[in-house]
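*Asks:* entry_26.txt is reproduced in full below (compact mmCIF, C-alpha atoms (C1' of nucleotides)).
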# COMPACT_ATOMS: atom_id res chain seq x y z
CA MET A 1 -15.19 2.18 27.28
CA GLU A 2 -17.89 2.35 24.65
CA THR A 3 -19.31 5.77 24.28
CA THR A 4 -22.76 5.59 22.86
CA ASN A 5 -21.97 8.42 20.55
CA ASP A 6 -23.75 8.73 17.24
CA GLN A 7 -20.86 10.64 15.72
CA GLN A 8 -18.70 7.58 16.12
CA GLU A 9 -17.39 7.79 12.59
CA HIS A 10 -15.64 11.07 13.18
CA ARG A 11 -13.74 10.41 16.36
CA TYR A 12 -10.69 9.67 14.25
CA ASP A 13 -9.23 11.49 11.27
CA ALA A 14 -6.70 9.89 8.95
CA TYR A 15 -5.51 13.33 7.87
CA LEU A 16 -3.99 13.92 11.29
CA ALA A 17 -0.42 12.69 11.44
CA GLN A 18 -0.64 11.38 14.99
CA CYS A 19 -3.97 9.63 14.54
CA PRO A 20 -3.58 5.87 15.04
CA CYS A 21 -5.87 5.24 12.12
CA ARG A 22 -3.11 6.55 9.86
CA SER A 23 -1.06 3.42 10.47
CA LEU A 24 -4.14 1.25 10.20
CA LEU A 25 -4.81 2.79 6.81
CA ASP A 26 -1.31 1.78 5.84
CA VAL A 27 -2.11 -1.81 6.73
CA ILE A 28 -5.40 -1.88 4.85
CA ALA A 29 -4.44 0.16 1.81
CA ASN A 30 -2.19 -2.64 0.66
CA LYS A 31 -2.17 -4.77 -2.46
CA TRP A 32 -1.97 -8.09 -0.66
CA THR A 33 -4.60 -7.20 1.91
CA ALA A 34 -7.07 -6.41 -0.85
CA LEU A 35 -6.34 -9.66 -2.68
CA ILE A 36 -6.40 -11.86 0.43
CA VAL A 37 -9.59 -10.42 1.86
CA GLY A 38 -11.23 -10.65 -1.54
CA ALA A 39 -10.21 -14.28 -1.88
CA LEU A 40 -11.62 -15.16 1.54
CA LEU A 41 -15.01 -13.73 0.64
CA THR A 42 -15.99 -17.12 -0.76
CA GLY A 43 -15.47 -18.78 2.59
CA GLU A 44 -12.72 -20.50 4.50
CA HIS A 45 -9.64 -21.34 2.50
CA ARG A 46 -6.51 -23.25 3.27
CA PHE A 47 -3.08 -21.74 3.06
CA GLY A 48 -2.19 -23.55 -0.14
CA GLU A 49 -5.45 -22.57 -1.78
CA LEU A 50 -4.76 -18.91 -1.12
CA ARG A 51 -1.22 -19.29 -2.32
CA ARG A 52 -2.45 -20.77 -5.57
CA GLN A 53 -5.30 -18.34 -6.04
CA ILE A 54 -3.20 -15.25 -5.44
CA GLU A 55 -0.65 -15.90 -8.13
CA GLY A 56 2.84 -14.68 -7.55
CA VAL A 57 2.61 -14.26 -3.80
CA SER A 58 5.46 -15.90 -1.97
CA GLN A 59 4.68 -18.05 1.02
CA LYS A 60 6.62 -15.72 3.24
CA VAL A 61 4.62 -12.69 2.18
CA LEU A 62 1.35 -14.57 2.37
CA THR A 63 2.16 -15.82 5.85
CA ALA A 64 3.18 -12.39 7.06
CA ASN A 65 0.09 -10.71 5.69
CA LEU A 66 -2.22 -13.40 7.04
CA ARG A 67 -0.63 -12.97 10.45
CA ALA A 68 -1.15 -9.23 10.31
CA LEU A 69 -4.76 -9.70 9.21
CA GLU A 70 -5.28 -12.14 12.04
CA ARG A 71 -3.80 -9.77 14.58
CA ASN A 72 -5.97 -6.92 13.42
CA GLY A 73 -9.04 -9.09 13.78
CA PHE A 74 -9.88 -9.50 10.09
CA VAL A 75 -9.31 -13.22 9.72
CA THR A 76 -9.37 -16.29 11.91
CA ARG A 77 -6.83 -19.06 11.73
CA ARG A 78 -8.01 -22.58 12.44
CA VAL A 79 -5.61 -25.48 12.68
CA TYR A 80 -7.05 -28.90 11.86
CA PRO A 81 -5.26 -31.89 13.40
CA THR A 82 -5.39 -33.85 10.15
CA SER A 83 -2.72 -36.27 9.05
CA PRO A 84 -1.00 -33.70 6.90
CA PRO A 85 -1.60 -30.63 9.04
CA SER A 86 -3.97 -28.18 7.42
CA VAL A 87 -4.87 -24.63 8.34
CA GLY A 88 -8.00 -22.76 7.37
CA TYR A 89 -8.33 -19.02 7.13
CA ALA A 90 -11.67 -17.26 7.17
CA LEU A 91 -12.98 -13.73 7.50
CA THR A 92 -14.33 -12.51 10.79
CA ASP A 93 -17.34 -10.23 10.92
CA LEU A 94 -14.93 -7.33 11.03
CA GLY A 95 -13.11 -8.65 8.00
CA ARG A 96 -16.35 -9.14 6.14
CA SER A 97 -17.26 -5.51 6.78
CA LEU A 98 -13.91 -4.48 5.36
CA ALA A 99 -14.24 -6.57 2.24
CA PRO A 100 -16.70 -4.46 0.18
CA PRO A 101 -14.51 -1.36 0.06
CA LEU A 102 -11.43 -3.41 -0.79
CA VAL A 103 -13.25 -5.38 -3.46
CA ALA A 104 -14.49 -2.11 -4.91
CA VAL A 105 -10.92 -0.86 -5.22
CA ARG A 106 -9.76 -4.06 -6.89
CA GLU A 107 -12.68 -4.07 -9.30
CA TRP A 108 -12.08 -0.43 -10.14
CA THR A 109 -8.55 -1.40 -11.08
CA GLU A 110 -9.69 -4.20 -13.34
CA ARG A 111 -12.33 -2.03 -14.95
CA HIS A 112 -10.30 1.09 -15.62
CA LEU A 113 -6.95 -0.37 -16.51
CA ASP A 114 -7.39 0.61 -20.15
CA ASP A 115 -8.06 4.23 -19.23
CA VAL A 116 -5.03 4.32 -16.98
CA GLU A 117 -2.75 2.81 -19.59
CA ALA A 118 -3.98 5.34 -22.12
CA ALA A 119 -3.24 8.14 -19.66
CA ARG A 120 0.23 6.77 -19.06
CA ALA A 121 0.93 6.60 -22.76
CA ARG A 122 -0.22 10.19 -23.11
CA TYR A 123 1.95 11.30 -20.23
CA ASP A 124 5.03 9.45 -21.37
CA THR A 125 4.68 10.67 -24.94
CA ASP A 126 4.34 14.30 -23.97
CA PRO A 127 7.58 15.91 -25.15
CA THR A 128 7.45 18.63 -22.48
CA ARG A 129 8.20 15.95 -19.95
CA SER A 130 11.40 14.00 -20.08
CA GLY A 131 12.52 12.35 -16.84
CA PRO A 132 10.63 9.60 -15.07
CA ALA A 133 7.78 10.59 -12.82
CA GLY A 134 8.89 10.05 -9.28
CA VAL A 135 6.95 7.31 -7.54
CA ASP A 136 6.42 5.20 -10.61
CA ARG A 137 5.46 1.90 -9.21
CA ALA A 138 4.46 0.81 -12.68
CA ALA A 139 6.68 2.84 -14.96
CA GLU A 140 8.07 0.09 -17.14
CA PRO A 141 6.94 -3.52 -16.91
CA ALA A 142 10.54 -4.67 -17.20
CA ALA A 143 9.53 -8.24 -16.46
CA ALA A 144 7.66 -9.37 -13.41
CA ARG A 145 9.36 -7.49 -10.66
CA MET B 1 -25.41 -4.02 -27.40
CA GLU B 2 -22.43 -6.29 -27.01
CA THR B 3 -22.96 -9.74 -28.39
CA THR B 4 -19.67 -10.93 -27.02
CA ASN B 5 -20.02 -13.24 -24.10
CA ASP B 6 -16.99 -11.66 -22.48
CA GLN B 7 -17.96 -9.29 -19.77
CA GLN B 8 -15.94 -6.16 -20.12
CA GLU B 9 -15.23 -5.79 -16.43
CA HIS B 10 -13.54 -9.15 -16.33
CA ARG B 11 -11.03 -8.73 -19.10
CA TYR B 12 -8.45 -8.31 -16.39
CA ASP B 13 -7.94 -10.23 -13.19
CA ALA B 14 -5.80 -8.94 -10.35
CA TYR B 15 -5.35 -12.49 -9.10
CA LEU B 16 -3.21 -13.34 -12.12
CA ALA B 17 0.43 -12.60 -11.48
CA GLN B 18 1.17 -11.33 -14.95
CA CYS B 19 -1.91 -9.13 -15.23
CA PRO B 20 -0.93 -5.48 -15.58
CA CYS B 21 -3.70 -4.49 -13.21
CA ARG B 22 -1.69 -6.09 -10.44
CA SER B 23 0.83 -3.27 -10.54
CA LEU B 24 -1.93 -0.71 -10.90
CA LEU B 25 -3.53 -2.11 -7.78
CA ASP B 26 -0.23 -1.55 -6.04
CA VAL B 27 -0.34 2.11 -7.04
CA ILE B 28 -3.91 2.63 -5.93
CA ALA B 29 -3.94 0.52 -2.79
CA ASN B 30 -1.65 3.02 -1.12
CA LYS B 31 -2.01 5.17 1.94
CA TRP B 32 -0.96 8.41 0.27
CA THR B 33 -3.09 7.84 -2.80
CA ALA B 34 -6.18 7.42 -0.66
CA LEU B 35 -5.44 10.58 1.33
CA ILE B 36 -4.52 12.73 -1.67
CA VAL B 37 -7.49 11.70 -3.79
CA GLY B 38 -9.78 12.19 -0.82
CA ALA B 39 -8.40 15.65 -0.22
CA LEU B 40 -8.90 16.65 -3.84
CA LEU B 41 -12.56 15.69 -3.73
CA THR B 42 -13.37 19.19 -2.51
CA GLY B 43 -11.91 20.74 -5.64
CA GLU B 44 -8.62 22.04 -6.88
CA HIS B 45 -5.96 22.52 -4.23
CA ARG B 46 -2.52 23.99 -4.26
CA PHE B 47 0.56 22.05 -3.33
CA GLY B 48 0.95 23.75 0.01
CA GLU B 49 -2.67 23.23 0.88
CA LEU B 50 -2.35 19.50 0.32
CA ARG B 51 0.87 19.42 2.28
CA ARG B 52 -0.84 21.09 5.20
CA GLN B 53 -4.01 19.07 5.00
CA ILE B 54 -2.26 15.72 4.81
CA GLU B 55 -0.29 16.07 8.00
CA GLY B 56 3.05 14.39 8.18
CA VAL B 57 3.60 13.97 4.47
CA SER B 58 6.98 15.19 3.31
CA GLN B 59 7.16 17.37 0.25
CA LYS B 60 9.21 14.77 -1.54
CA VAL B 61 6.65 12.05 -0.97
CA LEU B 62 3.77 14.35 -1.82
CA THR B 63 5.47 15.44 -5.02
CA ALA B 64 6.28 11.90 -6.05
CA ASN B 65 2.76 10.66 -5.39
CA LEU B 66 1.17 13.60 -7.17
CA ARG B 67 3.39 12.91 -10.17
CA ALA B 68 2.37 9.28 -10.21
CA LEU B 69 -1.28 10.26 -9.87
CA GLU B 70 -0.86 12.69 -12.73
CA ARG B 71 0.82 10.11 -14.92
CA ASN B 72 -1.92 7.60 -14.31
CA GLY B 73 -4.52 10.15 -15.30
CA PHE B 74 -6.09 10.71 -11.89
CA VAL B 75 -5.13 14.33 -11.34
CA THR B 76 -4.30 17.34 -13.43
CA ARG B 77 -1.50 19.76 -12.65
CA ARG B 78 -2.03 23.41 -13.54
CA VAL B 79 0.72 25.96 -13.18
CA TYR B 80 -0.40 29.54 -12.62
CA PRO B 81 2.04 32.27 -13.65
CA THR B 82 1.46 34.24 -10.49
CA SER B 83 4.12 36.31 -8.81
CA PRO B 84 4.97 33.56 -6.37
CA PRO B 85 4.46 30.58 -8.66
CA SER B 86 1.52 28.46 -7.64
CA VAL B 87 0.37 25.06 -8.81
CA GLY B 88 -3.11 23.63 -8.59
CA TYR B 89 -3.98 19.98 -8.50
CA ALA B 90 -7.43 18.67 -9.30
CA LEU B 91 -9.08 15.34 -9.97
CA THR B 92 -9.83 14.25 -13.51
CA ASP B 93 -13.02 12.39 -14.31
CA LEU B 94 -11.04 9.20 -13.95
CA GLY B 95 -9.77 10.32 -10.57
CA ARG B 96 -13.25 11.24 -9.46
CA SER B 97 -14.46 7.76 -10.34
CA LEU B 98 -11.68 6.31 -8.24
CA ALA B 99 -12.41 8.48 -5.24
CA PRO B 100 -15.50 6.75 -3.79
CA PRO B 101 -13.83 3.38 -3.23
CA LEU B 102 -10.78 5.02 -1.71
CA VAL B 103 -12.85 7.23 0.53
CA ALA B 104 -14.80 4.18 1.62
CA VAL B 105 -11.58 2.49 2.68
CA ARG B 106 -10.41 5.52 4.62
CA GLU B 107 -13.75 5.95 6.33
CA TRP B 108 -13.83 2.29 7.22
CA THR B 109 -10.50 2.79 8.93
CA GLU B 110 -11.73 5.73 10.92
CA ARG B 111 -14.93 3.96 11.88
CA HIS B 112 -13.52 0.62 12.94
CA LEU B 113 -10.28 1.64 14.57
CA ASP B 114 -11.65 0.78 17.99
CA ASP B 115 -12.56 -2.73 16.90
CA VAL B 116 -9.14 -3.24 15.38
CA GLU B 117 -7.32 -2.01 18.45
CA ALA B 118 -9.41 -4.30 20.60
CA ALA B 119 -8.50 -7.22 18.33
CA ARG B 120 -4.83 -6.32 18.53
CA ALA B 121 -4.96 -6.18 22.30
CA ARG B 122 -6.63 -9.59 22.34
CA TYR B 123 -4.03 -11.01 19.99
CA ASP B 124 -1.06 -9.55 21.82
CA THR B 125 -2.37 -10.66 25.20
CA ASP B 126 -2.95 -14.24 24.12
CA PRO B 127 -0.29 -16.23 25.97
CA THR B 128 -0.19 -18.96 23.30
CA ARG B 129 1.42 -16.45 21.01
CA SER B 130 4.74 -14.92 21.84
CA GLY B 131 6.74 -13.53 18.94
CA PRO B 132 5.73 -10.57 16.83
CA ALA B 133 3.30 -11.15 14.01
CA GLY B 134 5.17 -10.81 10.78
CA VAL B 135 4.07 -7.85 8.72
CA ASP B 136 3.13 -5.68 11.64
CA ARG B 137 3.10 -2.28 10.13
CA ALA B 138 1.46 -1.01 13.29
CA ALA B 139 2.82 -3.27 15.95
CA GLU B 140 4.08 -0.70 18.40
CA PRO B 141 3.43 3.00 17.97
CA ALA B 142 6.93 3.84 19.22
CA ALA B 143 6.13 7.52 19.12
CA ALA B 144 4.70 9.35 16.16
CA ARG B 145 7.46 10.62 13.99
C1' DC C 1 5.97 28.76 -3.15
C1' DT C 2 6.97 24.69 -5.58
C1' DG C 3 9.69 21.91 -6.57
C1' DT C 4 14.52 19.04 -7.60
C1' DA C 5 18.69 16.59 -5.97
C1' DT C 6 21.28 13.84 -2.53
C1' DC C 7 22.14 11.05 1.26
C1' DC C 8 20.54 7.61 4.29
C1' DT C 9 17.63 4.43 6.71
C1' DC C 10 14.07 1.03 7.11
C1' DT C 11 11.42 -2.58 5.53
C1' DG C 12 8.48 -4.94 2.09
C1' DA C 13 9.30 -8.69 -0.45
C1' DG C 14 11.62 -12.42 -3.43
C1' DA C 15 14.55 -16.74 -3.28
C1' DT C 16 16.01 -20.49 -0.91
C1' DA C 17 16.52 -23.97 2.60
C1' DC C 18 14.97 -26.30 6.59
C1' DT C 19 11.39 -28.11 10.38
C1' DG C 20 6.86 -30.03 12.74
C1' DC D 1 1.24 -29.02 3.98
C1' DA D 2 2.25 -25.07 6.52
C1' DG D 3 5.14 -22.70 8.12
C1' DT D 4 10.03 -20.48 10.08
C1' DA D 5 14.74 -18.67 9.27
C1' DT D 6 18.22 -16.17 6.54
C1' DC D 7 20.20 -13.55 2.97
C1' DT D 8 19.54 -10.16 -0.20
C1' DC D 9 17.90 -6.26 -2.81
C1' DA D 10 14.95 -2.46 -4.46
C1' DG D 11 12.46 1.14 -3.30
C1' DA D 12 9.52 4.04 -0.11
C1' DG D 13 10.20 7.68 2.59
C1' DG D 14 12.57 11.15 5.98
C1' DA D 15 16.04 15.13 6.34
C1' DT D 16 18.36 18.59 4.26
C1' DA D 17 20.04 21.78 0.91
C1' DC D 18 19.42 24.20 -3.13
C1' DA D 19 16.93 26.32 -7.45
C1' DG D 20 13.29 28.64 -10.63
Mind turning this structure into structure tokens?
*Replies:*
Amino acid sequence: METTNDQQEHRYDAYLAQCPCRSLLDVIANKWTALIVGALLTGEHRFGELRRQIEGVSQKVLTANLRALERNGFVTRRVYPTSPPSVGYALTDLGRSLAPPLVAVREWTERHLDDVEAARARYDTDPTRSGPAGVDRAAEPAAAR
Amino acid sequence: METTNDQQEHRYDAYLAQCPCRSLLDVIANKWTALIVGALLTGEHRFGELRRQIEGVSQKVLTANLRALERNGFVTRRVYPTSPPSVGYALTDLGRSLAPPLVAVREWTERHLDDVEAARARYDTDPTRSGPAGVDRAAEPAAAR
DNA sequence: CTGTATCCTCTGAGATACTG
DNA sequence: CAGTATCTCAGAGGATACAG
């Protein structure tokens, strides 16, 4: 099925509603995906290690996301028949190729948080605006969600 | 320059549950954010243009995401007092700095969709697995809505 | 044309409890 | 330890109608 086409990168277009890469983008452009893939960059990790490293993630969410990453071919899941059963997760080649963009997004967040918070303060202080701003995933801290 | 041993880019850490950049990551690691910011890379666009370019986005979702982007300082919103009122959205400097990582993620998706679909087929065909795989945002197409 | 306001549905995600 | 199974809730997101 492989077409030896040089223009391979433009066979799909995420701006088209019916393009299957639209749903894939939804999987990848995800907070947990970015954190998990970034964590696995240092090598294979066990479930508990990931759970501890990615603070605040519930085991259910971590399991579900790891399963999805496994299904999409980003991570491998190895079960070791040790006395207390242990499971190791590691990036595949595909997952490793996905990591740099995701890490870049995460690092951008860490680096520009101050700028964003300043912008938010400016926006929220502006008297011409009153009501909340629609999709405000981070409007008010209001405790850890 | 800085004599502090703290590296500025590591003042925040998305792996800490209470770090405010965690919620910011949730805003940025988002399908619509990636598409909108990517679309605005070519310059200022009107609301309708974005709505048309980003196929399948409802006006409510587009409005909400643009508002959030505006609040976080990524885009500007200019209202032109034309006969039929028109509004132009454009990236700020901050938004422009965010664009490359997001575009990289989107392009990765378009480029590696074949690999991912092959992995999914492999996973779903594997007889040792039966049930669905947790967070399967793209398990079955089930018709494009 | 560019929104705003409802209604409604779906699901991501937390909390908790239980199993191999 | 590494899950799976429920229950529950908040919020993203679609459809529709209406307004400046």
*Asks:* For the reference chain A, what are the coordinates of chain B after least-squares fitting (all Cα, in-order pairing), as a tab-separated table (two decimals) with C-alpha atoms, in the frame of the given file?
*Replies:*
chain	number	residue	atom	x	y	z
B	1	MET	CA	-29.33	6.92	22.26
B	2	GLU	CA	-26.06	8.78	22.52
B	3	THR	CA	-26.41	12.26	23.90
B	4	THR	CA	-22.79	13.02	23.23
B	5	ASN	CA	-22.27	15.39	20.38
B	6	ASP	CA	-19.21	13.44	19.31
B	7	GLN	CA	-19.93	11.24	16.38
B	8	GLN	CA	-18.43	7.87	17.00
B	9	GLU	CA	-17.07	7.45	13.50
B	10	HIS	CA	-14.98	10.56	13.85
B	11	ARG	CA	-13.13	9.79	17.03
B	12	TYR	CA	-10.15	9.06	14.85
B	13	ASP	CA	-8.79	10.93	11.87
B	14	ALA	CA	-6.32	9.40	9.45
B	15	TYR	CA	-5.19	12.87	8.44
B	16	LEU	CA	-3.59	13.40	11.84
B	17	ALA	CA	-0.01	12.20	11.88
B	18	GLN	CA	-0.13	10.81	15.38
B	19	CYS	CA	-3.46	9.03	14.99
B	20	PRO	CA	-3.04	5.28	15.39
B	21	CYS	CA	-5.40	4.68	12.50
B	22	ARG	CA	-2.70	6.03	10.22
B	23	SER	CA	-0.63	2.91	10.70
B	24	LEU	CA	-3.71	0.73	10.43
B	25	LEU	CA	-4.48	2.36	7.12
B	26	ASP	CA	-1.00	1.39	6.02
B	27	VAL	CA	-1.77	-2.24	6.85
B	28	ILE	CA	-5.09	-2.27	5.06
B	29	ALA	CA	-4.24	-0.14	2.05
B	30	ASN	CA	-2.01	-2.90	0.76
B	31	LYS	CA	-2.04	-4.95	-2.39
B	32	TRP	CA	-1.75	-8.32	-0.66
B	33	THR	CA	-4.35	-7.51	1.96
B	34	ALA	CA	-6.89	-6.66	-0.71
B	35	LEU	CA	-6.18	-9.87	-2.64
B	36	ILE	CA	-6.14	-12.16	0.41
B	37	VAL	CA	-9.31	-10.77	1.95
B	38	GLY	CA	-11.02	-10.92	-1.41
B	39	ALA	CA	-10.00	-14.53	-1.86
B	40	LEU	CA	-11.32	-15.49	1.56
B	41	LEU	CA	-14.74	-14.06	0.79
B	42	THR	CA	-15.73	-17.41	-0.69
B	43	GLY	CA	-15.11	-19.17	2.60
B	44	GLU	CA	-12.32	-20.90	4.40
B	45	HIS	CA	-9.28	-21.70	2.29
B	46	ARG	CA	-6.13	-23.61	2.92
B	47	PHE	CA	-2.70	-22.08	2.67
B	48	GLY	CA	-1.89	-23.78	-0.59
B	49	GLU	CA	-5.18	-22.78	-2.12
B	50	LEU	CA	-4.50	-19.13	-1.37
B	51	ARG	CA	-0.98	-19.45	-2.68
B	52	ARG	CA	-2.29	-20.85	-5.93
B	53	GLN	CA	-5.15	-18.44	-6.27
B	54	ILE	CA	-3.06	-15.35	-5.63
B	55	GLU	CA	-0.57	-15.92	-8.39
B	56	GLY	CA	2.92	-14.69	-7.87
B	57	VAL	CA	2.79	-14.39	-4.11
B	58	SER	CA	5.70	-16.05	-2.37
B	59	GLN	CA	5.01	-18.27	0.59
B	60	LYS	CA	6.98	-15.98	2.83
B	61	VAL	CA	4.95	-12.94	1.88
B	62	LEU	CA	1.69	-14.85	2.08
B	63	THR	CA	2.58	-16.19	5.50
B	64	ALA	CA	3.62	-12.80	6.79
B	65	ASN	CA	0.48	-11.10	5.52
B	66	LEU	CA	-1.78	-13.82	6.86
B	67	ARG	CA	-0.12	-13.46	10.25
B	68	ALA	CA	-0.66	-9.73	10.22
B	69	LEU	CA	-4.27	-10.22	9.16
B	70	GLU	CA	-4.72	-12.71	11.95
B	71	ARG	CA	-3.18	-10.40	14.52
B	72	ASN	CA	-5.41	-7.55	13.48
B	73	GLY	CA	-8.46	-9.74	13.87
B	74	PHE	CA	-9.39	-10.06	10.20
B	75	VAL	CA	-8.81	-13.77	9.72
B	76	THR	CA	-8.79	-16.88	11.82
B	77	ARG	CA	-6.22	-19.64	11.50
B	78	ARG	CA	-7.37	-23.20	12.14
B	79	VAL	CA	-4.95	-26.08	12.22
B	80	TYR	CA	-6.39	-29.48	11.33
B	81	PRO	CA	-4.56	-32.51	12.71
B	82	THR	CA	-4.76	-34.36	9.43
B	83	SER	CA	-2.11	-36.74	8.22
B	84	PRO	CA	-0.46	-34.10	6.08
B	85	PRO	CA	-1.02	-31.10	8.34
B	86	SER	CA	-3.42	-28.61	6.85
B	87	VAL	CA	-4.33	-25.10	7.90
B	88	GLY	CA	-7.49	-23.22	7.07
B	89	TYR	CA	-7.86	-19.49	6.95
B	90	ALA	CA	-11.20	-17.74	7.12
B	91	LEU	CA	-12.52	-14.23	7.58
B	92	THR	CA	-13.79	-13.09	10.95
B	93	ASP	CA	-16.82	-10.84	11.19
B	94	LEU	CA	-14.42	-7.93	11.33
B	95	GLY	CA	-12.67	-9.17	8.22
B	96	ARG	CA	-15.95	-9.62	6.43
B	97	SER	CA	-16.86	-6.02	7.19
B	98	LEU	CA	-13.57	-4.92	5.71
B	99	ALA	CA	-13.97	-6.95	2.55
B	100	PRO	CA	-16.47	-4.81	0.60
B	101	PRO	CA	-14.31	-1.68	0.49
B	102	LEU	CA	-11.26	-3.69	-0.47
B	103	VAL	CA	-13.12	-5.59	-3.15
B	104	ALA	CA	-14.42	-2.30	-4.48
B	105	VAL	CA	-10.87	-1.03	-4.84
B	106	ARG	CA	-9.74	-4.17	-6.63
B	107	GLU	CA	-12.71	-4.14	-8.96
B	108	TRP	CA	-12.15	-0.49	-9.72
B	109	THR	CA	-8.64	-1.41	-10.78
B	110	GLU	CA	-9.82	-4.14	-13.07
B	111	ARG	CA	-12.53	-1.95	-14.56
B	112	HIS	CA	-10.53	1.18	-15.21
B	113	LEU	CA	-7.19	-0.23	-16.23
B	114	ASP	CA	-7.75	0.83	-19.81
B	115	ASP	CA	-8.40	4.42	-18.79
B	116	VAL	CA	-5.30	4.46	-16.63
B	117	GLU	CA	-3.09	3.04	-19.34
B	118	ALA	CA	-4.42	5.60	-21.76
B	119	ALA	CA	-3.60	8.35	-19.26
B	120	ARG	CA	-0.11	6.98	-18.79
B	121	ALA	CA	0.48	6.90	-22.52
B	122	ARG	CA	-0.71	10.50	-22.75
B	123	TYR	CA	1.55	11.54	-19.90
B	124	ASP	CA	4.61	9.72	-21.18
B	125	THR	CA	4.13	11.03	-24.71
B	126	ASP	CA	3.81	14.64	-23.63
B	127	PRO	CA	7.01	16.29	-24.87
B	128	THR	CA	6.93	18.95	-22.13
B	129	ARG	CA	7.74	16.23	-19.67
B	130	SER	CA	10.93	14.28	-19.90
B	131	GLY	CA	12.14	12.61	-16.72
B	132	PRO	CA	10.37	9.79	-14.95
B	133	ALA	CA	7.54	10.65	-12.63
B	134	GLY	CA	8.69	10.04	-9.12
B	135	VAL	CA	6.84	7.23	-7.41
B	136	ASP	CA	6.22	5.23	-10.53
B	137	ARG	CA	5.46	1.85	-9.18
B	138	ALA	CA	4.32	0.84	-12.64
B	139	ALA	CA	6.45	2.93	-14.91
B	140	GLU	CA	7.82	0.24	-17.16
B	141	PRO	CA	6.64	-3.35	-17.00
B	142	ALA	CA	10.18	-4.63	-17.58
B	143	ALA	CA	8.91	-8.17	-17.77
B	144	ALA	CA	6.71	-9.83	-15.20
B	145	ARG	CA	8.82	-11.47	-12.59
*Asks:* Please, what distance in Å, to one decimal, runs between CA of Ala68 in chain B and CA of Cys21 in chain B?
*Replies:* 15.3 Å
*Asks:* Which one of B:Glu49, B:Glu44, B:Glu110, B:Asp13 sits closest to chain C if you count all atoms listed in the file?
*Replies:*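 The shortest atom-to-atom distance to chain C comes from B:Glu49.
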*Asks:* Please identify all residues of chain C having at least one atom at most 10 Å from any atom of chain B, considering all atoms listed in the file, and return them as a list in words.
*Replies:* DC1, DT2, DG3, DT4, DT11 and DG12 of chain C
*Asks:* Keeping C-alpha atoms (C1' of nucleotides) for every residue in the selection just given, could you write it to a file as a PDB file, in the coordinates of the input?
*Replies:*
ATOM      1  C1'  DC C   1       5.970  28.760  -3.150  1.00  0.00           C
ATOM      2  C1'  DT C   2       6.970  24.690  -5.580  1.00  0.00           C
ATOM      3  C1'  DG C   3       9.690  21.910  -6.570  1.00  0.00           C
ATOM      4  C1'  DT C   4      14.520  19.040  -7.600  1.00  0.00           C
ATOM      5  C1'  DT C  11      11.420  -2.580   5.530  1.00  0.00           C
ATOM      6  C1'  DG C  12       8.480  -4.940   2.090  1.00  0.00           C
TER       7       DG C  12
END
*Asks:* Counting all atoms listed in the file, what is within 10 Å of Leu25 in chain A, bar same-chain residues fewer than 5 positions away, as a list in words?
*Replies:*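 The neighbour list is Ala14, Pro20 and Asn30 of chain A; Ala29, Asn30, Lys31, Trp32, Ala34, Leu35, Val105, Arg106, Glu107, Trp108, Thr109, Glu110, Leu113, Arg137 and Ala138 of chain B.
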*Asks:* What is the distance between CA of Val103 in chain A and CA of Gly43 in chain B, in Å to one decimal?
*Replies:* 26.2 Å
*Asks:* Show me the residues around (17.5, 8.1, 1.0) - criterion: an atom at most 12 Å away, all atoms listed in the file counted - as a list in words.
*Replies:*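 Every polymer residue passing the test: Lys60 and Val61 of chain B; DA5, DT6, DC7, DC8, DT9 and DC10 of chain C; DG11, DA12, DG13, DG14, DA15 and DT16 of chain D.
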*Asks:* So how far away is C1' of DC18 in chain C from CA of Leu69 in chain A, in Å?
*Replies:*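 Interatomic distance, CA of Leu69 in chain A to C1' of DC18 in chain C: 25.9 Å.
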*Asks:* Write out as a count of residues only the residues lying within 7 Å of Arg120 in chain B, counting all atoms listed in the file and excluding same-chain residues fewer than 4 positions away.
*Replies:* 5
*Asks:* Missing atoms in range 48-53 of chain B: fill them in up to N, CA, C and O atoms and send the result as a PDB file, in the frame of the given file.
*Replies:*
ATOM      1  N   GLY B  48       0.807  23.462  -1.411  1.00  0.00           N
ATOM      2  CA  GLY B  48       0.950  23.750   0.010  1.00  0.00           C
ATOM      3  C   GLY B  48      -0.293  23.398   0.810  1.00  0.00           C
ATOM      4  O   GLY B  48      -0.195  22.957   1.959  1.00  0.00           O
ATOM      5  N   GLU B  49      -1.436  23.591   0.194  1.00  0.00           N
ATOM      6  CA  GLU B  49      -2.670  23.230   0.880  1.00  0.00           C
ATOM      7  C   GLU B  49      -2.709  21.729   1.158  1.00  0.00           C
ATOM      8  O   GLU B  49      -3.046  21.294   2.274  1.00  0.00           O
ATOM      9  N   LEU B  50      -2.359  20.954   0.144  1.00  0.00           N
ATOM     10  CA  LEU B  50      -2.350  19.500   0.320  1.00  0.00           C
ATOM     11  C   LEU B  50      -1.338  19.110   1.396  1.00  0.00           C
ATOM     12  O   LEU B  50      -1.611  18.283   2.264  1.00  0.00           O
ATOM     13  N   ARG B  51      -0.185  19.740   1.319  1.00  0.00           N
ATOM     14  CA  ARG B  51       0.870  19.420   2.280  1.00  0.00           C
ATOM     15  C   ARG B  51       0.406  19.690   3.702  1.00  0.00           C
ATOM     16  O   ARG B  51       0.733  18.946   4.633  1.00  0.00           O
ATOM     17  N   ARG B  52      -0.353  20.747   3.865  1.00  0.00           N
ATOM     18  CA  ARG B  52      -0.840  21.090   5.200  1.00  0.00           C
ATOM     19  C   ARG B  52      -1.974  20.170   5.615  1.00  0.00           C
ATOM     20  O   ARG B  52      -2.062  19.754   6.770  1.00  0.00           O
ATOM     21  N   GLN B  53      -2.847  19.880   4.651  1.00  0.00           N
ATOM     22  CA  GLN B  53      -4.010  19.070   5.000  1.00  0.00           C
ATOM     23  C   GLN B  53      -3.628  17.632   5.336  1.00  0.00           C
ATOM     24  O   GLN B  53      -4.173  17.042   6.270  1.00  0.00           O
TER      25      GLN B  53
END
